[in-house]
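Next up, query15.txt (compact mmCIF, N, CA and C atoms):
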```
# COMPACT_ATOMS: atom_id res chain seq x y z
N MET H 1 56.10 76.19 134.00
CA MET H 1 55.62 77.55 133.98
C MET H 1 56.08 78.29 135.24
N LEU H 2 56.12 77.60 136.36
CA LEU H 2 56.52 78.20 137.61
C LEU H 2 57.99 78.62 137.57
N LYS H 3 58.84 77.80 136.91
CA LYS H 3 60.26 78.12 136.80
C LYS H 3 60.47 79.41 136.00
N VAL H 4 59.68 79.57 134.95
CA VAL H 4 59.79 80.77 134.11
C VAL H 4 59.37 81.99 134.90
N THR H 5 58.32 81.89 135.69
CA THR H 5 57.84 83.01 136.48
C THR H 5 58.85 83.38 137.56
N ILE H 6 59.48 82.38 138.18
CA ILE H 6 60.48 82.65 139.22
C ILE H 6 61.70 83.33 138.59
N LYS H 7 62.14 82.85 137.43
CA LYS H 7 63.29 83.45 136.74
C LYS H 7 62.97 84.89 136.32
N PHE H 8 61.76 85.09 135.84
CA PHE H 8 61.35 86.43 135.43
C PHE H 8 61.32 87.38 136.62
N ALA H 9 60.78 86.92 137.74
CA ALA H 9 60.69 87.74 138.95
C ALA H 9 62.08 88.04 139.48
N ALA H 10 62.98 87.07 139.46
CA ALA H 10 64.35 87.28 139.93
C ALA H 10 65.07 88.30 139.02
N GLY H 11 64.87 88.17 137.74
CA GLY H 11 65.48 89.12 136.80
C GLY H 11 64.94 90.52 137.00
N LEU H 12 63.66 90.64 137.24
CA LEU H 12 63.04 91.94 137.45
C LEU H 12 63.56 92.58 138.73
N ILE H 13 63.70 91.80 139.79
CA ILE H 13 64.22 92.33 141.05
C ILE H 13 65.67 92.77 140.88
N PHE H 14 66.44 91.97 140.14
CA PHE H 14 67.85 92.34 139.87
C PHE H 14 67.93 93.67 139.12
N LEU H 15 67.09 93.83 138.10
CA LEU H 15 67.08 95.08 137.34
C LEU H 15 66.67 96.27 138.20
N LEU H 16 65.70 96.07 139.08
CA LEU H 16 65.28 97.15 139.97
C LEU H 16 66.40 97.56 140.92
N LEU H 17 67.11 96.58 141.47
CA LEU H 17 68.22 96.89 142.37
C LEU H 17 69.34 97.63 141.65
N VAL H 18 69.66 97.18 140.44
CA VAL H 18 70.73 97.83 139.67
C VAL H 18 70.31 99.24 139.28
N SER H 19 69.07 99.43 138.88
CA SER H 19 68.63 100.76 138.47
C SER H 19 68.53 101.72 139.65
N CYS H 20 68.22 101.23 140.82
CA CYS H 20 68.15 102.10 142.00
C CYS H 20 69.53 102.60 142.41
N HIS H 21 70.54 101.78 142.22
CA HIS H 21 71.89 102.17 142.61
C HIS H 21 72.64 102.90 141.50
N SER H 22 72.08 102.95 140.30
CA SER H 22 72.79 103.62 139.21
C SER H 22 72.76 105.13 139.34
N GLY H 23 71.87 105.70 140.16
CA GLY H 23 71.79 107.14 140.34
C GLY H 23 72.84 107.68 141.29
N ASP H 24 73.59 106.84 141.92
CA ASP H 24 74.61 107.28 142.87
C ASP H 24 75.92 107.54 142.13
N PHE H 25 75.99 108.63 141.41
CA PHE H 25 77.25 108.95 140.74
C PHE H 25 77.96 110.05 141.50
N ASP H 26 79.21 110.18 141.21
CA ASP H 26 80.04 111.12 141.95
C ASP H 26 79.84 112.52 141.38
N HIS H 27 79.39 113.44 142.21
CA HIS H 27 79.15 114.81 141.77
C HIS H 27 80.46 115.54 141.48
N ALA H 28 81.53 115.14 142.12
CA ALA H 28 82.82 115.78 141.87
C ALA H 28 83.30 115.50 140.44
N ASP H 29 83.09 114.27 139.97
CA ASP H 29 83.47 113.94 138.59
C ASP H 29 82.63 114.73 137.60
N ASP H 30 81.34 114.87 137.90
CA ASP H 30 80.47 115.64 137.03
C ASP H 30 80.87 117.11 137.00
N LYS H 31 81.23 117.66 138.14
CA LYS H 31 81.65 119.06 138.23
C LYS H 31 82.97 119.26 137.47
N GLN H 32 83.90 118.33 137.62
CA GLN H 32 85.19 118.43 136.92
C GLN H 32 84.98 118.35 135.41
N ARG H 33 84.10 117.46 134.97
CA ARG H 33 83.81 117.34 133.54
C ARG H 33 83.17 118.62 133.00
N HIS H 34 82.31 119.23 133.81
CA HIS H 34 81.67 120.49 133.41
C HIS H 34 82.72 121.61 133.27
N ILE H 35 83.67 121.67 134.19
CA ILE H 35 84.74 122.68 134.12
C ILE H 35 85.60 122.45 132.88
N GLU H 36 85.94 121.20 132.60
CA GLU H 36 86.74 120.89 131.42
C GLU H 36 86.00 121.25 130.14
N ASP H 37 84.69 120.97 130.10
CA ASP H 37 83.90 121.32 128.92
C ASP H 37 83.81 122.82 128.72
N SER H 38 83.66 123.58 129.80
CA SER H 38 83.58 125.04 129.66
C SER H 38 84.92 125.61 129.19
N LEU H 39 86.03 125.07 129.70
CA LEU H 39 87.35 125.51 129.21
C LEU H 39 87.53 125.16 127.75
N SER H 40 87.09 123.98 127.37
CA SER H 40 87.18 123.55 125.98
C SER H 40 86.35 124.46 125.08
N GLU H 41 85.14 124.82 125.53
CA GLU H 41 84.29 125.71 124.75
C GLU H 41 84.92 127.08 124.57
N LYS H 42 85.55 127.60 125.63
CA LYS H 42 86.22 128.90 125.51
C LYS H 42 87.38 128.82 124.54
N ARG H 43 88.14 127.75 124.59
CA ARG H 43 89.26 127.59 123.66
C ARG H 43 88.76 127.44 122.22
N ILE H 44 87.64 126.74 122.04
CA ILE H 44 87.05 126.59 120.70
C ILE H 44 86.59 127.93 120.17
N ASP H 45 85.94 128.74 121.02
CA ASP H 45 85.48 130.06 120.60
C ASP H 45 86.65 130.96 120.19
N SER H 46 87.72 130.95 120.99
CA SER H 46 88.87 131.79 120.64
C SER H 46 89.56 131.27 119.39
N ALA H 47 89.62 129.94 119.21
CA ALA H 47 90.22 129.38 117.99
C ALA H 47 89.37 129.74 116.78
N TYR H 48 88.05 129.72 116.93
CA TYR H 48 87.16 130.08 115.82
C TYR H 48 87.39 131.51 115.38
N SER H 49 87.46 132.44 116.34
CA SER H 49 87.66 133.84 115.96
C SER H 49 89.04 134.05 115.35
N ALA H 50 90.06 133.38 115.87
CA ALA H 50 91.41 133.53 115.31
C ALA H 50 91.49 132.95 113.90
N ILE H 51 90.89 131.80 113.68
CA ILE H 51 90.94 131.18 112.35
C ILE H 51 90.13 132.00 111.36
N LYS H 52 89.00 132.57 111.81
CA LYS H 52 88.19 133.41 110.91
C LYS H 52 88.96 134.65 110.48
N GLN H 53 89.65 135.30 111.42
CA GLN H 53 90.46 136.48 111.07
C GLN H 53 91.60 136.08 110.14
N ASN H 54 92.23 134.96 110.42
CA ASN H 54 93.32 134.47 109.58
C ASN H 54 92.81 134.15 108.18
N CYS H 55 91.64 133.57 108.09
CA CYS H 55 91.08 133.21 106.79
C CYS H 55 90.75 134.47 105.98
N ASP H 56 90.23 135.49 106.65
CA ASP H 56 89.94 136.74 105.95
C ASP H 56 91.21 137.38 105.40
N SER H 57 92.29 137.35 106.16
CA SER H 57 93.54 137.91 105.66
C SER H 57 94.14 137.04 104.56
N LEU H 58 93.93 135.72 104.64
CA LEU H 58 94.42 134.84 103.57
C LEU H 58 93.68 135.10 102.27
N MET H 59 92.40 135.44 102.37
CA MET H 59 91.63 135.76 101.16
C MET H 59 92.24 136.94 100.42
N VAL H 60 92.73 137.90 101.18
CA VAL H 60 93.31 139.10 100.57
C VAL H 60 94.72 138.82 100.07
N GLN H 61 95.51 138.08 100.84
CA GLN H 61 96.92 137.91 100.53
C GLN H 61 97.20 136.78 99.54
N ARG H 62 96.54 135.65 99.71
CA ARG H 62 96.93 134.48 98.93
C ARG H 62 96.18 134.29 97.63
N ILE H 63 94.98 134.82 97.51
CA ILE H 63 94.22 134.60 96.28
C ILE H 63 94.93 135.19 95.06
N PRO H 64 95.50 136.40 95.12
CA PRO H 64 96.22 136.89 93.94
C PRO H 64 97.40 135.98 93.55
N ARG H 65 98.10 135.46 94.56
CA ARG H 65 99.22 134.57 94.26
C ARG H 65 98.72 133.25 93.68
N MET H 66 97.61 132.76 94.20
CA MET H 66 97.04 131.52 93.69
C MET H 66 96.53 131.69 92.27
N LEU H 67 95.98 132.87 91.96
CA LEU H 67 95.55 133.16 90.59
C LEU H 67 96.75 133.19 89.64
N GLU H 68 97.83 133.73 90.12
CA GLU H 68 99.05 133.77 89.32
C GLU H 68 99.53 132.35 89.00
N PHE H 69 99.48 131.48 89.99
CA PHE H 69 99.88 130.08 89.76
C PHE H 69 98.93 129.39 88.80
N LEU H 70 97.64 129.71 88.88
CA LEU H 70 96.67 129.09 87.96
C LEU H 70 96.89 129.56 86.53
N THR H 71 97.25 130.82 86.34
CA THR H 71 97.51 131.29 84.98
C THR H 71 98.75 130.63 84.40
N LYS H 72 99.68 130.23 85.29
CA LYS H 72 100.87 129.49 84.85
C LYS H 72 100.59 127.99 84.77
N LYS H 73 99.37 127.59 85.08
CA LYS H 73 98.93 126.19 85.07
C LYS H 73 99.74 125.32 86.04
N ASP H 74 100.02 125.88 87.22
CA ASP H 74 100.76 125.18 88.26
C ASP H 74 99.82 124.92 89.44
N THR H 75 99.03 123.85 89.35
CA THR H 75 98.05 123.58 90.40
C THR H 75 98.69 123.05 91.68
N THR H 76 99.85 122.43 91.58
CA THR H 76 100.50 121.95 92.81
C THR H 76 100.92 123.12 93.69
N ALA H 77 101.35 124.21 93.07
CA ALA H 77 101.71 125.39 93.85
C ALA H 77 100.48 126.02 94.49
N VAL H 78 99.33 125.90 93.82
CA VAL H 78 98.08 126.42 94.39
C VAL H 78 97.75 125.68 95.67
N TYR H 79 97.87 124.35 95.64
CA TYR H 79 97.54 123.57 96.83
C TYR H 79 98.58 123.71 97.93
N LYS H 80 99.80 124.10 97.58
CA LYS H 80 100.81 124.36 98.60
C LYS H 80 100.52 125.65 99.37
N CYS H 81 99.74 126.54 98.78
CA CYS H 81 99.38 127.80 99.44
C CYS H 81 98.33 127.61 100.53
N LEU H 82 97.70 126.46 100.56
CA LEU H 82 96.63 126.23 101.53
C LEU H 82 97.19 126.01 102.92
N ASP H 83 96.32 126.16 103.91
CA ASP H 83 96.74 126.13 105.31
C ASP H 83 96.62 124.74 105.94
N THR H 84 95.96 123.79 105.29
CA THR H 84 95.78 122.47 105.90
C THR H 84 97.04 121.62 105.85
N SER H 85 98.05 122.09 105.14
CA SER H 85 99.29 121.32 105.10
C SER H 85 99.94 121.27 106.48
N SER H 86 99.70 122.29 107.30
CA SER H 86 100.24 122.26 108.67
C SER H 86 99.23 121.54 109.57
N ARG H 87 99.65 120.46 110.19
CA ARG H 87 98.78 119.66 111.05
C ARG H 87 98.69 120.30 112.44
N TYR H 88 97.54 120.27 113.01
CA TYR H 88 97.32 120.83 114.34
C TYR H 88 97.07 119.67 115.31
N THR H 89 97.81 119.64 116.40
CA THR H 89 97.59 118.63 117.42
C THR H 89 97.40 119.33 118.77
N ASP H 90 96.54 118.74 119.57
CA ASP H 90 96.23 119.30 120.89
C ASP H 90 95.81 118.16 121.80
N PRO H 91 96.12 118.25 123.09
CA PRO H 91 95.67 117.18 123.99
C PRO H 91 94.14 117.08 124.07
N ASP H 92 93.45 118.21 123.88
CA ASP H 92 92.00 118.21 123.87
C ASP H 92 91.54 117.81 122.46
N LYS H 93 91.07 116.59 122.31
CA LYS H 93 90.72 116.05 120.99
C LYS H 93 89.52 116.76 120.38
N LYS H 94 88.62 117.27 121.21
CA LYS H 94 87.46 118.00 120.68
C LYS H 94 87.93 119.29 120.02
N LEU H 95 88.83 120.01 120.69
CA LEU H 95 89.37 121.25 120.13
C LEU H 95 90.16 120.95 118.85
N GLU H 96 90.95 119.91 118.87
CA GLU H 96 91.75 119.54 117.70
C GLU H 96 90.85 119.26 116.49
N LYS H 97 89.76 118.54 116.72
CA LYS H 97 88.84 118.22 115.64
C LYS H 97 88.18 119.48 115.07
N VAL H 98 87.76 120.38 115.96
CA VAL H 98 87.10 121.61 115.52
C VAL H 98 88.08 122.49 114.74
N VAL H 99 89.31 122.61 115.22
CA VAL H 99 90.30 123.45 114.53
C VAL H 99 90.61 122.89 113.15
N ARG H 100 90.74 121.58 113.06
CA ARG H 100 91.00 120.97 111.75
C ARG H 100 89.84 121.20 110.79
N LEU H 101 88.61 121.10 111.29
CA LEU H 101 87.44 121.35 110.45
C LEU H 101 87.38 122.81 109.99
N LEU H 102 87.69 123.73 110.90
CA LEU H 102 87.67 125.15 110.54
C LEU H 102 88.74 125.48 109.52
N LYS H 103 89.93 124.90 109.67
CA LYS H 103 90.99 125.14 108.69
C LYS H 103 90.63 124.56 107.33
N ALA H 104 90.04 123.38 107.33
CA ALA H 104 89.61 122.77 106.07
C ALA H 104 88.53 123.60 105.40
N ASP H 105 87.62 124.15 106.18
CA ASP H 105 86.57 125.01 105.64
C ASP H 105 87.17 126.28 105.05
N CYS H 106 88.14 126.85 105.73
CA CYS H 106 88.81 128.05 105.23
C CYS H 106 89.52 127.74 103.90
N ASP H 107 90.20 126.61 103.84
CA ASP H 107 90.90 126.25 102.61
C ASP H 107 89.94 126.00 101.45
N SER H 108 88.81 125.37 101.74
CA SER H 108 87.84 125.16 100.66
C SER H 108 87.27 126.48 100.18
N ASN H 109 87.06 127.43 101.09
CA ASN H 109 86.59 128.76 100.68
C ASN H 109 87.65 129.48 99.84
N LEU H 110 88.91 129.33 100.21
CA LEU H 110 90.00 129.92 99.43
C LEU H 110 90.03 129.35 98.01
N LEU H 111 89.95 128.04 97.91
CA LEU H 111 89.95 127.41 96.59
C LEU H 111 88.74 127.82 95.77
N ARG H 112 87.57 127.83 96.40
CA ARG H 112 86.35 128.19 95.69
C ARG H 112 86.45 129.62 95.14
N GLU H 113 86.92 130.53 95.97
CA GLU H 113 87.03 131.93 95.53
C GLU H 113 88.11 132.08 94.46
N THR H 114 89.21 131.35 94.60
CA THR H 114 90.27 131.43 93.60
C THR H 114 89.77 130.95 92.24
N TYR H 115 89.12 129.79 92.21
CA TYR H 115 88.62 129.26 90.94
C TYR H 115 87.49 130.12 90.38
N ARG H 116 86.70 130.73 91.25
CA ARG H 116 85.64 131.62 90.77
C ARG H 116 86.25 132.83 90.08
N ARG H 117 87.26 133.43 90.69
CA ARG H 117 87.92 134.59 90.07
C ARG H 117 88.66 134.19 88.80
N TRP H 118 89.24 133.00 88.80
CA TRP H 118 89.97 132.55 87.61
C TRP H 118 89.00 132.34 86.45
N ARG H 119 87.81 131.77 86.72
CA ARG H 119 86.81 131.61 85.65
C ARG H 119 86.35 132.97 85.14
N LEU H 120 86.23 133.94 86.03
CA LEU H 120 85.82 135.28 85.58
C LEU H 120 86.88 135.91 84.68
N LEU H 121 88.15 135.62 84.97
CA LEU H 121 89.22 136.14 84.11
C LEU H 121 89.25 135.45 82.76
N GLN H 122 88.75 134.21 82.69
CA GLN H 122 88.77 133.46 81.44
C GLN H 122 87.65 133.85 80.49
N VAL H 123 86.59 134.44 81.00
CA VAL H 123 85.46 134.83 80.15
C VAL H 123 85.87 136.04 79.33
N PRO H 124 85.75 135.93 77.99
CA PRO H 124 86.12 137.09 77.16
C PRO H 124 85.15 138.24 77.39
N ALA H 125 85.64 139.43 77.15
CA ALA H 125 84.81 140.62 77.33
C ALA H 125 83.67 140.59 76.31
N ARG H 126 82.51 140.96 76.74
CA ARG H 126 81.35 140.97 75.85
C ARG H 126 81.42 142.19 74.94
N HIS H 127 81.03 141.97 73.70
CA HIS H 127 80.99 143.07 72.74
C HIS H 127 79.56 143.60 72.72
N VAL H 128 79.43 144.86 72.96
CA VAL H 128 78.12 145.47 73.00
C VAL H 128 77.80 146.01 71.61
N TYR H 129 76.73 145.50 71.06
CA TYR H 129 76.28 145.95 69.75
C TYR H 129 75.27 147.06 69.93
N LYS H 130 75.42 148.10 69.11
CA LYS H 130 74.47 149.20 69.17
C LYS H 130 73.33 148.91 68.20
N ARG H 131 72.16 149.31 68.62
CA ARG H 131 71.00 149.13 67.75
C ARG H 131 71.02 150.19 66.66
N LYS H 132 70.61 149.76 65.52
CA LYS H 132 70.48 150.72 64.43
C LYS H 132 69.27 151.60 64.71
N LYS H 133 69.43 152.84 64.37
CA LYS H 133 68.32 153.77 64.58
C LYS H 133 67.25 153.51 63.53
N ALA H 134 66.04 153.48 64.00
CA ALA H 134 64.90 153.27 63.08
C ALA H 134 64.61 154.58 62.38
N LEU H 135 64.34 154.50 61.11
CA LEU H 135 64.00 155.69 60.35
C LEU H 135 62.54 156.03 60.58
N HIS H 136 62.28 157.29 60.83
CA HIS H 136 60.90 157.72 61.08
C HIS H 136 60.32 158.33 59.81
N GLY H 137 59.02 158.31 59.75
CA GLY H 137 58.34 158.97 58.66
C GLY H 137 58.12 158.05 57.47
N GLY H 138 58.28 156.78 57.62
CA GLY H 138 57.98 155.85 56.55
C GLY H 138 59.07 155.75 55.51
N GLN H 139 60.21 156.31 55.71
CA GLN H 139 61.28 156.21 54.73
C GLN H 139 62.06 154.93 54.98
N HIS H 140 62.14 154.14 53.97
CA HIS H 140 62.90 152.89 54.06
C HIS H 140 63.92 152.88 52.97
N SER H 141 65.05 152.39 53.26
CA SER H 141 66.04 152.32 52.18
C SER H 141 66.37 150.91 51.81
```

With the file now loaded, output its structure as structure tokens.
Amino acid sequence: MLKVTIKFAAGLIFLLLVSCHSGDFDHADDKQRHIEDSLSEKRIDSAYSAIKQNCDSLMVQRIPRMLEFLTKKDTTAVYKCLDTSSRYTDPDKKLEKVVRLLKADCDSNLLRETYRRWRLLQVPARHVYKRKKALHGGQHS
């Protein structure tokens, strides 16, 4: 029992010593990491606004062409119109991941809107039936 208590006490002292010295980190590394993160955030914000503007213009420009390809039943040409075919690489992996996700989101919105408009074009026009006028005064024919 004494051996277990001595081992436990030695382990506890070791943990206390390690935990006391773990707070001594380099503030310069933390400051540099903070600067890199703020630059990365600014680049992500500017990439987000640029991709959003690009996606809005793609909605106007490419959807009519994609609808044309769908009416010709050429789905491979529809997928060639998307923007994810161009790969984006950047030394900042966080920015690269965000840009790829934003481009994929834009492409999915393009496809969703294209197929929505195509389904609307496929629905035949509704025929409006007029109601027969009811005869007043008890006259029935």

Task: For range 66-71 of chain H: contacts at 6.5 Å, all atoms listed in the file, fewer than 4 positions along chain excluded, given as a ChimeraX atom specification - done: /H:62,75,77-78,114,118

Could you give me, as CSV, every range 33-73 of chain H residue with an atom at most 12 Å from range 100-110 of chain H, plus its closest atom pair and distance in Å to one decimal, counting only C-alpha atoms, rows ordered by chain then number?
```
residue,atom,partner,partner_atom,distance
H:Ile44,CA,H:Leu102,CA,10.3
H:Asp45,CA,H:Leu102,CA,11.4
H:Ala47,CA,H:Leu102,CA,8.9
H:Tyr48,CA,H:Leu102,CA,7.2
H:Ser49,CA,H:Leu102,CA,10.2
H:Ala50,CA,H:Leu102,CA,10.3
H:Ile51,CA,H:Lys103,CA,7.1
H:Lys52,CA,H:Cys106,CA,7.8
H:Gln53,CA,H:Cys106,CA,10.4
H:Asn54,CA,H:Cys106,CA,9.0
H:Cys55,CA,H:Cys106,CA,5.8
H:Asp56,CA,H:Cys106,CA,8.8
H:Ser57,CA,H:Leu110,CA,10.7
H:Leu58,CA,H:Leu110,CA,7.8
H:Met59,CA,H:Leu110,CA,6.3
H:Val60,CA,H:Leu110,CA,9.8
H:Gln61,CA,H:Leu110,CA,10.6
H:Arg62,CA,H:Leu110,CA,8.3
H:Ile63,CA,H:Leu110,CA,7.0
H:Pro64,CA,H:Leu110,CA,10.8
H:Arg65,CA,H:Leu110,CA,11.5
H:Met66,CA,H:Leu110,CA,9.2
H:Leu67,CA,H:Leu110,CA,10.9
```

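Among H:Tyr129, H:Leu82, H:Val99, H:Asp30, the residue with the shortest atom-to-atom distance to Leu111 in chain H, counting all atoms listed in the file, is H:Leu82.
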
Could you state the separation of CA of Lys73 in chain H and CA of Tyr115 in chain H in Å, given to one decimal place?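 Here the two named atoms are 12.3 Å from each other.
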
| task | Select from range 19-110 of chain H everything DSSP, run on the backbone, classes as alpha helix (DSSP H), then give the selection as a VMD selection string. | result | chain H and resid 19 to 21 27 to 71 75 to 80 93 to 110

**Prompt:** Closest to Ser38 in chain H among H:Leu95, H:Glu113, H:Ile13, H:Ile6, using only C-alpha atoms?
**Reply:**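 Using only C-alpha atoms, the shortest distance to Ser38 in chain H belongs to H:Leu95.
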
Separating CA of Tyr79 in chain H from atom N of Val123 in chain H, to the nearest tenth of an Å, is a gap of 22.1 Å

note - CA of Arg117 in chain H and CA of Lys80 in chain H are separated by 18.5 Å

Can you give me all heavy atoms for range 68-78 of chain H, written as a CSV table (one decimal), in the frame of the given file?
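Full text of part-v1.csv as output:
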```
chain,number,residue,atom,x,y,z
H,68,GLU,N,97.8,133.7,90.1
H,68,GLU,CA,99.0,133.8,89.3
H,68,GLU,C,99.5,132.4,89.0
H,68,GLU,O,99.9,132.1,87.9
H,68,GLU,CB,100.1,134.5,90.1
H,68,GLU,CG,101.4,134.8,89.3
H,68,GLU,CD,102.4,135.6,90.2
H,68,GLU,OE1,102.0,136.6,90.7
H,68,GLU,OE2,103.5,135.1,90.3
H,69,PHE,N,99.5,131.5,90.0
H,69,PHE,CA,99.9,130.1,89.8
H,69,PHE,C,98.9,129.4,88.8
H,69,PHE,O,99.4,128.6,88.0
H,69,PHE,CB,99.9,129.3,91.1
H,69,PHE,CG,101.1,129.7,92.0
H,69,PHE,CD1,100.9,129.8,93.3
H,69,PHE,CD2,102.3,129.9,91.5
H,69,PHE,CE1,101.9,130.2,94.2
H,69,PHE,CE2,103.4,130.3,92.3
H,69,PHE,CZ,103.2,130.4,93.7
H,70,LEU,N,97.6,129.7,88.9
H,70,LEU,CA,96.7,129.1,88.0
H,70,LEU,C,96.9,129.6,86.5
H,70,LEU,O,96.7,128.8,85.6
H,70,LEU,CB,95.2,129.4,88.4
H,70,LEU,CG,94.7,128.5,89.4
H,70,LEU,CD1,93.3,129.0,89.8
H,70,LEU,CD2,94.6,127.1,89.0
H,71,THR,N,97.2,130.8,86.3
H,71,THR,CA,97.5,131.3,85.0
H,71,THR,C,98.8,130.6,84.4
H,71,THR,O,98.9,130.5,83.2
H,71,THR,CB,97.7,132.8,84.9
H,71,THR,OG1,98.7,133.2,85.8
H,71,THR,CG2,96.4,133.5,85.3
H,72,LYS,N,99.7,130.2,85.3
H,72,LYS,CA,100.9,129.5,84.8
H,72,LYS,C,100.6,128.0,84.8
H,72,LYS,O,101.5,127.2,84.4
H,72,LYS,CB,102.0,129.7,85.8
H,72,LYS,CG,102.5,131.1,85.8
H,72,LYS,CD,103.6,131.3,86.8
H,72,LYS,CE,104.1,132.7,86.9
H,72,LYS,NZ,105.1,132.9,88.0
H,73,LYS,N,99.4,127.6,85.1
H,73,LYS,CA,98.9,126.2,85.1
H,73,LYS,C,99.7,125.3,86.0
H,73,LYS,O,100.1,124.2,85.8
H,73,LYS,CB,99.0,125.6,83.7
H,73,LYS,CG,98.0,126.3,82.7
H,73,LYS,CD,98.0,125.6,81.4
H,73,LYS,CE,97.1,126.2,80.4
H,73,LYS,NZ,96.5,127.1,80.0
H,74,ASP,N,100.0,125.9,87.2
H,74,ASP,CA,100.8,125.2,88.3
H,74,ASP,C,99.8,124.9,89.4
H,74,ASP,O,99.8,125.7,90.4
H,74,ASP,CB,102.0,126.0,88.7
H,74,ASP,CG,102.9,125.2,89.6
H,74,ASP,OD1,102.7,124.0,89.8
H,74,ASP,OD2,103.8,125.9,90.1
H,75,THR,N,99.0,123.8,89.4
H,75,THR,CA,98.0,123.6,90.4
H,75,THR,C,98.7,123.0,91.7
H,75,THR,O,98.1,123.2,92.8
H,75,THR,CB,97.0,122.6,89.9
H,75,THR,OG1,97.6,121.4,89.4
H,75,THR,CG2,96.2,123.2,88.8
H,76,THR,N,99.8,122.4,91.6
H,76,THR,CA,100.5,122.0,92.8
H,76,THR,C,100.9,123.1,93.7
H,76,THR,O,100.8,123.0,94.9
H,76,THR,CB,101.7,121.1,92.5
H,76,THR,OG1,102.6,121.8,91.7
H,76,THR,CG2,101.3,119.8,91.8
H,77,ALA,N,101.4,124.2,93.1
H,77,ALA,CA,101.7,125.4,93.8
H,77,ALA,C,100.5,126.0,94.5
H,77,ALA,O,100.6,126.6,95.6
H,77,ALA,CB,102.4,126.4,93.0
H,78,VAL,N,99.3,125.9,93.8
H,78,VAL,CA,98.1,126.4,94.4
H,78,VAL,C,97.8,125.7,95.7
H,78,VAL,O,97.4,126.3,96.7
H,78,VAL,CB,96.9,126.3,93.4
H,78,VAL,CG1,95.6,126.6,94.0
H,78,VAL,CG2,97.1,127.2,92.2
```
